[in-house]
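The next block is coords.pdb, given as PDB, C-alpha atoms, pLDDT in the B column.
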ATOM      1  CA  MET A 594       0.000   0.000   0.000  1.00 51.00           C
ATOM      2  CA  ARG A 595       1.374   3.398  -0.968  1.00 53.00           C
ATOM      3  CA  PHE A 596       0.814   6.471   1.157  1.00 50.00           C
ATOM      4  CA  ALA A 597       0.592  10.076   0.038  1.00 52.00           C
ATOM      5  CA  THR A 598       3.726  12.161   0.118  1.00 51.00           C
ATOM      6  CA  ALA A 599       4.019  15.933  -0.066  1.00 53.00           C
ATOM      7  CA  GLY A 600       2.497  17.158  -3.307  1.00 53.00           C
ATOM      8  CA  ARG A 601       1.315  13.697  -4.318  1.00 55.00           C
ATOM      9  CA  PRO A 602      -2.151  12.230  -3.888  1.00 53.00           C
ATOM     10  CA  CYS A 603      -2.685   9.013  -2.003  1.00 53.00           C
ATOM     11  CA  GLU A 604      -2.787   5.926  -4.244  1.00 52.00           C
ATOM     12  CA  CYS A 605      -4.385   3.368  -1.973  1.00 51.00           C
ATOM     13  CA  ALA A 606      -4.854   0.189  -3.971  1.00 51.00           C
ATOM     14  CA  GLY A 607      -8.230  -1.393  -3.610  1.00 50.00           C
ATOM     15  CA  MET A 608      -9.670   1.500  -1.649  1.00 49.00           C
ATOM     16  CA  THR A 609     -12.566   3.342  -3.259  1.00 48.00           C
ATOM     17  CA  GLU A 610     -14.648   6.225  -2.057  1.00 51.00           C
ATOM     18  CA  PRO A 611     -17.844   4.874  -0.490  1.00 52.00           C
ATOM     19  CA  GLU A 612     -20.870   5.161  -2.777  1.00 55.00           C
ATOM     20  CA  LYS A 613     -23.326   7.847  -1.837  1.00 55.00           C
ATOM     21  CA  GLN A 614     -26.659   6.398  -0.864  1.00 57.00           C
ATOM     22  CA  PRO A 615     -29.744   8.335  -1.960  1.00 56.00           C
ATOM     23  CA  LYS A 616     -31.455  10.062   0.906  1.00 59.00           C
ATOM     24  CA  GLN A 617     -34.762   8.477   1.790  1.00 57.00           C
ATOM     25  CA  ARG A 618     -37.542  10.840   2.637  1.00 62.00           C
ATOM     26  CA  ARG A 619     -39.219  10.117   5.899  1.00 63.00           C
ATOM     27  CA  ARG A 620     -42.841   9.261   5.303  1.00 66.00           C
ATOM     28  CA  ARG A 621     -44.993  11.905   6.891  1.00 81.00           C
ATOM     29  CA  VAL A 622     -47.643  10.507   9.184  1.00 82.00           C
ATOM     30  CA  PRO A 623     -50.896  12.470   8.882  1.00 86.00           C
ATOM     31  CA  ARG A 624     -52.481  13.916  11.986  1.00 89.00           C
ATOM     32  CA  ARG A 625     -55.415  12.082  13.496  1.00 92.00           C
ATOM     33  CA  ALA A 626     -58.701  13.424  12.133  1.00 94.00           C
ATOM     34  CA  THR A 627     -61.020  14.968  14.692  1.00 96.00           C
ATOM     35  CA  ALA A 628     -64.099  17.134  14.311  1.00 96.00           C
ATOM     36  CA  ASP A 629     -62.115  20.247  15.270  1.00 96.00           C
ATOM     37  CA  ARG A 630     -59.211  19.486  12.944  1.00 96.00           C
ATOM     38  CA  LEU A 631     -61.544  18.822  10.039  1.00 97.00           C
ATOM     39  CA  GLU A 632     -63.279  22.131  10.742  1.00 97.00           C
ATOM     40  CA  ARG A 633     -59.977  23.994  10.667  1.00 97.00           C
ATOM     41  CA  ALA A 634     -58.940  22.173   7.507  1.00 97.00           C
ATOM     42  CA  ALA A 635     -62.225  23.108   5.821  1.00 97.00           C
ATOM     43  CA  LEU A 636     -61.887  26.799   6.691  1.00 97.00           C
ATOM     44  CA  HIS A 637     -58.249  26.860   5.610  1.00 97.00           C
ATOM     45  CA  TYR A 638     -59.160  25.254   2.277  1.00 97.00           C
ATOM     46  CA  LEU A 639     -61.956  27.751   1.629  1.00 96.00           C
ATOM     47  CA  GLU A 640     -59.611  30.632   2.434  1.00 95.00           C
ATOM     48  CA  ARG A 641     -57.332  29.445  -0.380  1.00 95.00           C
ATOM     49  CA  TYR A 642     -59.752  28.043  -2.943  1.00 94.00           C
ATOM     50  CA  ALA A 643     -63.297  28.460  -4.165  1.00 94.00           C
ATOM     51  CA  SER A 644     -65.065  25.124  -3.866  1.00 96.00           C
ATOM     52  CA  SER A 645     -68.281  23.274  -4.494  1.00 96.00           C
ATOM     53  CA  ALA A 646     -69.857  21.327  -1.642  1.00 97.00           C
ATOM     54  CA  ALA A 647     -68.978  18.011  -3.300  1.00 97.00           C
ATOM     55  CA  ASN A 648     -65.356  19.016  -3.804  1.00 96.00           C
ATOM     56  CA  LEU A 649     -64.902  20.106  -0.173  1.00 97.00           C
ATOM     57  CA  ARG A 650     -66.548  16.867   0.951  1.00 97.00           C
ATOM     58  CA  ARG A 651     -64.053  14.904  -1.159  1.00 97.00           C
ATOM     59  CA  VAL A 652     -61.103  16.826   0.324  1.00 97.00           C
ATOM     60  CA  LEU A 653     -62.238  16.237   3.917  1.00 97.00           C
ATOM     61  CA  LEU A 654     -63.134  12.591   3.395  1.00 97.00           C
ATOM     62  CA  ALA A 655     -59.624  12.026   2.041  1.00 97.00           C
ATOM     63  CA  ARG A 656     -58.304  13.275   5.378  1.00 96.00           C
ATOM     64  CA  VAL A 657     -60.624  10.899   7.219  1.00 97.00           C
ATOM     65  CA  ASP A 658     -59.443   8.022   5.039  1.00 96.00           C
ATOM     66  CA  ARG A 659     -55.763   8.746   5.753  1.00 95.00           C
ATOM     67  CA  SER A 660     -56.498   9.008   9.461  1.00 96.00           C
ATOM     68  CA  ALA A 661     -58.310   5.671   9.334  1.00 95.00           C
ATOM     69  CA  ARG A 662     -55.302   3.993   7.723  1.00 93.00           C
ATOM     70  CA  PHE A 663     -52.703   5.442  10.104  1.00 93.00           C
ATOM     71  CA  HIS A 664     -54.641   5.896  13.343  1.00 94.00           C
ATOM     72  CA  GLY A 665     -57.631   3.585  13.095  1.00 94.00           C
ATOM     73  CA  THR A 666     -60.161   6.435  12.946  1.00 94.00           C
ATOM     74  CA  ASP A 667     -63.680   5.160  12.402  1.00 95.00           C
ATOM     75  CA  ARG A 668     -64.608   6.119   8.843  1.00 95.00           C
ATOM     76  CA  GLU A 669     -68.334   6.325   9.564  1.00 96.00           C
ATOM     77  CA  THR A 670     -67.781   8.678  12.480  1.00 97.00           C
ATOM     78  CA  GLY A 671     -65.420  10.797  10.383  1.00 97.00           C
ATOM     79  CA  ALA A 672     -67.900  10.936   7.511  1.00 97.00           C
ATOM     80  CA  GLY A 673     -70.513  12.172   9.982  1.00 97.00           C
ATOM     81  CA  TRP A 674     -68.233  15.039  11.034  1.00 97.00           C
ATOM     82  CA  VAL A 675     -67.712  15.935   7.372  1.00 98.00           C
ATOM     83  CA  GLU A 676     -71.431  15.947   6.582  1.00 98.00           C
ATOM     84  CA  ASP A 677     -72.070  18.183   9.586  1.00 98.00           C
ATOM     85  CA  ILE A 678     -69.481  20.691   8.311  1.00 98.00           C
ATOM     86  CA  ILE A 679     -70.923  20.656   4.793  1.00 97.00           C
ATOM     87  CA  ALA A 680     -74.484  21.161   6.028  1.00 98.00           C
ATOM     88  CA  ARG A 681     -73.525  24.065   8.296  1.00 97.00           C
ATOM     89  CA  TYR A 682     -71.452  25.766   5.596  1.00 97.00           C
ATOM     90  CA  LEU A 683     -74.264  25.462   3.052  1.00 97.00           C
ATOM     91  CA  HIS A 684     -76.697  26.966   5.542  1.00 97.00           C
ATOM     92  CA  ALA A 685     -74.301  29.803   6.392  1.00 96.00           C
ATOM     93  CA  GLY A 686     -73.538  30.551   2.743  1.00 95.00           C
ATOM     94  CA  LEU A 687     -69.866  29.602   3.005  1.00 95.00           C
ATOM     95  CA  LEU A 688     -70.630  27.032   0.318  1.00 97.00           C
ATOM     96  CA  ASP A 689     -72.788  28.022  -2.644  1.00 97.00           C
ATOM     97  CA  ASP A 690     -72.631  25.761  -5.680  1.00 97.00           C
ATOM     98  CA  ARG A 691     -74.429  28.226  -7.933  1.00 97.00           C
ATOM     99  CA  ALA A 692     -72.039  31.076  -7.101  1.00 96.00           C
ATOM    100  CA  TYR A 693     -69.074  28.714  -7.402  1.00 97.00           C
ATOM    101  CA  ALA A 694     -70.225  27.453 -10.813  1.00 97.00           C
ATOM    102  CA  ASP A 695     -70.773  31.020 -12.088  1.00 95.00           C
ATOM    103  CA  LEU A 696     -67.330  32.115 -10.892  1.00 94.00           C
ATOM    104  CA  ARG A 697     -65.486  29.113 -12.310  1.00 95.00           C
ATOM    105  CA  ALA A 698     -67.363  29.281 -15.616  1.00 93.00           C
ATOM    106  CA  ALA A 699     -66.478  32.961 -16.010  1.00 91.00           C
ATOM    107  CA  ARG A 700     -62.819  32.368 -15.158  1.00 92.00           C
ATOM    108  CA  LEU A 701     -62.472  29.447 -17.553  1.00 91.00           C
ATOM    109  CA  SER A 702     -64.231  31.369 -20.323  1.00 88.00           C
ATOM    110  CA  ALA A 703     -61.838  34.289 -19.791  1.00 86.00           C
ATOM    111  CA  ARG A 704     -58.924  31.864 -20.172  1.00 87.00           C
ATOM    112  CA  GLY A 705     -60.368  30.710 -23.487  1.00 86.00           C
ATOM    113  CA  TYR A 706     -62.201  27.487 -22.666  1.00 87.00           C
ATOM    114  CA  GLY A 707     -65.438  26.561 -24.424  1.00 85.00           C
ATOM    115  CA  ARG A 708     -68.741  25.386 -22.992  1.00 87.00           C
ATOM    116  CA  LYS A 709     -67.899  21.688 -23.213  1.00 88.00           C
ATOM    117  CA  ARG A 710     -64.618  22.120 -21.382  1.00 89.00           C
ATOM    118  CA  ILE A 711     -66.262  24.337 -18.748  1.00 92.00           C
ATOM    119  CA  ALA A 712     -69.043  21.804 -18.195  1.00 94.00           C
ATOM    120  CA  TYR A 713     -66.501  18.997 -17.878  1.00 93.00           C
ATOM    121  CA  SER A 714     -64.461  20.968 -15.339  1.00 95.00           C
ATOM    122  CA  LEU A 715     -67.535  21.687 -13.230  1.00 97.00           C
ATOM    123  CA  ARG A 716     -68.603  18.030 -13.293  1.00 97.00           C
ATOM    124  CA  GLN A 717     -65.114  17.093 -12.075  1.00 95.00           C
ATOM    125  CA  LYS A 718     -65.680  19.404  -9.109  1.00 95.00           C
ATOM    126  CA  GLY A 719     -68.945  17.668  -8.253  1.00 95.00           C
ATOM    127  CA  VAL A 720     -71.384  20.298  -9.525  1.00 97.00           C
ATOM    128  CA  ASP A 721     -74.727  18.842 -10.608  1.00 96.00           C
ATOM    129  CA  GLN A 722     -76.000  19.085 -14.178  1.00 97.00           C
ATOM    130  CA  ASP A 723     -78.777  21.613 -13.493  1.00 97.00           C
ATOM    131  CA  THR A 724     -76.340  24.000 -11.786  1.00 97.00           C
ATOM    132  CA  ILE A 725     -73.886  23.617 -14.672  1.00 97.00           C
ATOM    133  CA  ALA A 726     -76.621  24.356 -17.214  1.00 96.00           C
ATOM    134  CA  GLY A 727     -77.607  27.472 -15.274  1.00 96.00           C
ATOM    135  CA  ALA A 728     -74.019  28.717 -15.109  1.00 95.00           C
ATOM    136  CA  LEU A 729     -73.579  28.269 -18.853  1.00 93.00           C
ATOM    137  CA  GLU A 730     -76.876  30.020 -19.546  1.00 91.00           C
ATOM    138  CA  ARG A 731     -75.890  32.992 -17.415  1.00 91.00           C
ATOM    139  CA  LEU A 732     -72.483  33.079 -19.079  1.00 86.00           C
ATOM    140  CA  ALA A 733     -74.190  33.393 -22.470  1.00 82.00           C
ATOM    141  CA  ARG A 734     -76.155  36.501 -21.405  1.00 81.00           C
ATOM    142  CA  ASP A 735     -73.079  38.702 -21.714  1.00 70.00           C
ATOM    143  CA  GLU A 736     -72.054  37.466 -25.159  1.00 68.00           C
ATOM    144  CA  ALA A 737     -74.081  36.366 -28.153  1.00 71.00           C
ATOM    145  CA  ASP A 738     -71.612  33.547 -28.897  1.00 84.00           C
ATOM    146  CA  PRO A 739     -69.563  32.711 -25.769  1.00 85.00           C
ATOM    147  CA  ASP A 740     -67.881  29.711 -27.431  1.00 88.00           C
ATOM    148  CA  LEU A 741     -66.601  31.823 -30.312  1.00 90.00           C
ATOM    149  CA  MET A 742     -65.404  34.514 -27.912  1.00 89.00           C
ATOM    150  CA  ALA A 743     -63.651  31.929 -25.758  1.00 90.00           C
ATOM    151  CA  ALA A 744     -61.981  30.395 -28.816  1.00 92.00           C
ATOM    152  CA  ILE A 745     -60.650  33.813 -29.824  1.00 92.00           C
ATOM    153  CA  ARG A 746     -59.248  34.334 -26.316  1.00 91.00           C
ATOM    154  CA  TYR A 747     -57.597  30.912 -26.358  1.00 92.00           C
ATOM    155  CA  ALA A 748     -56.104  31.468 -29.810  1.00 93.00           C
ATOM    156  CA  ARG A 749     -54.736  34.854 -28.713  1.00 92.00           C
ATOM    157  CA  ARG A 750     -53.221  33.367 -25.553  1.00 91.00           C
ATOM    158  CA  ARG A 751     -51.577  30.509 -27.458  1.00 92.00           C
ATOM    159  CA  ASN A 752     -50.668  32.512 -30.602  1.00 93.00           C
ATOM    160  CA  LEU A 753     -52.757  30.368 -32.913  1.00 94.00           C
ATOM    161  CA  GLY A 754     -54.134  31.159 -36.370  1.00 92.00           C
ATOM    162  CA  PRO A 755     -54.414  34.929 -36.991  1.00 92.00           C
ATOM    163  CA  PHE A 756     -52.225  35.609 -33.959  1.00 92.00           C
ATOM    164  CA  ARG A 757     -49.234  33.815 -35.464  1.00 91.00           C
ATOM    165  CA  ARG A 758     -46.422  35.959 -36.826  1.00 86.00           C
ATOM    166  CA  ARG A 759     -45.274  33.346 -39.317  1.00 89.00           C
ATOM    167  CA  GLU A 760     -46.022  29.885 -40.730  1.00 91.00           C
ATOM    168  CA  ARG A 761     -49.734  30.438 -40.310  1.00 92.00           C
ATOM    169  CA  ALA A 762     -50.750  28.335 -43.316  1.00 92.00           C
ATOM    170  CA  GLU A 763     -48.290  25.567 -42.484  1.00 94.00           C
ATOM    171  CA  ARG A 764     -49.578  25.318 -38.904  1.00 94.00           C
ATOM    172  CA  ARG A 765     -53.281  25.534 -39.745  1.00 95.00           C
ATOM    173  CA  GLU A 766     -54.169  21.879 -39.103  1.00 96.00           C
ATOM    174  CA  LYS A 767     -52.261  21.795 -35.826  1.00 96.00           C
ATOM    175  CA  ASP A 768     -53.956  25.012 -34.714  1.00 95.00           C
ATOM    176  CA  LEU A 769     -57.375  23.554 -35.527  1.00 95.00           C
ATOM    177  CA  ALA A 770     -56.477  20.454 -33.524  1.00 95.00           C
ATOM    178  CA  ALA A 771     -55.344  22.618 -30.584  1.00 94.00           C
ATOM    179  CA  LEU A 772     -58.786  24.243 -30.393  1.00 93.00           C
ATOM    180  CA  ALA A 773     -60.513  20.882 -30.771  1.00 91.00           C
ATOM    181  CA  ARG A 774     -58.562  19.485 -27.810  1.00 88.00           C
ATOM    182  CA  VAL A 775     -59.967  22.144 -25.495  1.00 86.00           C
ATOM    183  CA  GLY A 776     -63.560  21.476 -26.520  1.00 84.00           C
ATOM    184  CA  PHE A 777     -64.355  23.674 -29.523  1.00 90.00           C
ATOM    185  CA  ASN A 778     -66.213  22.199 -32.486  1.00 91.00           C
ATOM    186  CA  TYR A 779     -64.782  22.334 -35.984  1.00 93.00           C
ATOM    187  CA  ASP A 780     -66.940  25.247 -37.160  1.00 93.00           C
ATOM    188  CA  VAL A 781     -65.861  27.500 -34.292  1.00 93.00           C
ATOM    189  CA  ALA A 782     -62.226  26.437 -34.626  1.00 94.00           C
ATOM    190  CA  ARG A 783     -62.241  27.060 -38.385  1.00 94.00           C
ATOM    191  CA  ARG A 784     -63.804  30.529 -38.031  1.00 94.00           C
ATOM    192  CA  VAL A 785     -61.085  31.567 -35.612  1.00 94.00           C
ATOM    193  CA  ILE A 786     -58.069  29.959 -37.258  1.00 95.00           C
ATOM    194  CA  ASP A 787     -59.041  31.199 -40.731  1.00 93.00           C
ATOM    195  CA  ALA A 788     -60.132  34.668 -39.602  1.00 91.00           C
ATOM    196  CA  GLY A 789     -58.857  37.568 -41.642  1.00 87.00           C
ATOM    197  CA  ASP A 790     -60.151  40.297 -39.338  1.00 82.00           C
ATOM    198  CA  VAL A 791     -60.089  39.318 -35.666  1.00 82.00           C
ATOM    199  CA  ASP A 792     -61.713  42.583 -34.533  1.00 85.00           C
ATOM    200  CA  ASP A 793     -64.694  41.881 -36.763  1.00 83.00           C
ATOM    201  CA  LEU A 794     -64.895  38.314 -35.477  1.00 84.00           C
ATOM    202  CA  GLU A 795     -64.900  39.545 -31.856  1.00 84.00           C
ATOM    203  CA  MET A 796     -67.718  41.936 -32.692  1.00 83.00           C
ATOM    204  CA  GLN A 797     -69.728  39.035 -34.098  1.00 78.00           C
ATOM    205  CA  ALA A 798     -69.079  36.990 -30.952  1.00 79.00           C
ATOM    206  CA  ARG A 799     -70.212  39.821 -28.672  1.00 77.00           C
ATOM    207  CA  ASP A 800     -73.183  41.147 -30.631  1.00 72.00           C
ATOM    208  CA  GLY A 801     -74.169  38.243 -32.866  1.00 60.00           C
ATOM    209  CA  SER A 802     -73.913  40.534 -35.896  1.00 54.00           C
TER
END
Just give me the structure of the file as structure tokens.
Amino acid sequence: MRFATAGRPCECAGMTEPEKQPKQRRRRVPRRATADRLERAALHYLERYASSAANLRRVLLARVDRSARFHGTDRETGAGWVEDIIARYLHAGLLDDRAYADLRAARLSARGYGRKRIAYSLRQKGVDQDTIAGALERLARDEADPDLMAAIRYARRRNLGPFRRRERAERREKDLAALARVGFNYDVARRVIDAGDVDDLEMQARDGS
């Protein structure tokens, strides 16, 4: 075995630097669910996010389920605490599915999503079909053709069709497909992607002219 001398590195035959072992994250154990903790979790969630009743129920029941797995919490008892919270919040107006649906529909429309995509998103959040239909009807009161207006917004945000600076013709089919993927039918997609005058198209969407 050779040892290091001044100015020379150690050449220790057969000795290698120990391999670094990946650090293992310690699995976080969830806190035991209680009525008070679920209440605090519900209020904290509503401070951060708008929510439907069904969505908040799903969030809280997930906490109950984790507590049942780690701490043996009775799922039926936990579900009872959740239903009590939901009922009280609906009565107090902290949960309002109609207001939630209107707000989410308006936000998604402003981002450029069509009626089908908005309806799908609301169903995913547990909003019932009648409430969804009402939200879409109210959304249409402000614009003669909300789907066309939303498609224009989406195309502008993603630089599709008339908002492209180059290769517009070459990218036409891909731009049509991009609008189709977010829920617009072919006629709406074609009107937007092939538009020569976007200002005129927006006027048609707003006024139905």
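For the set A:Arg659, A:Lys767, A:Arg681, A:Arg621, the residue with the smallest atom-to-atom gap to Ala635 (chain A) is A:Arg681, counting only C-alpha atoms.
In this comparison, which uses all atoms listed in the file, the residue of A:Ala626, A:Ile786, A:Ala698, A:Leu729 approaching Val657 (chain A) most closely is A:Ala626.
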Taking all atoms of region 716-727 of chain A that appear in the file, build a box with edges along x, y and z, extend it by 4 Å on every side, and state its centre and edge lengths in Å to one decimal, as AutoDock Vina command-line options.
--center_x -71.9 --center_y 22.3 --center_z -12.7 --size_x 21.7 --size_y 18.4 --size_z 17.0
Q. For Lys709 (chain A), which residue among A:Asp735, A:Leu772, A:Leu654, A:Tyr693 is the nearest when counting all atoms listed in the file?
A. A:Leu772
Q: Apply the PyMOL selection byres ((chain A and resi 738) around 9) to the displayed file and report the matching residues as JSON, numbers by chain.
A: {"A": [733, 735, 736, 737, 739, 740, 741, 742, 743, 797, 798, 799, 800, 801]}
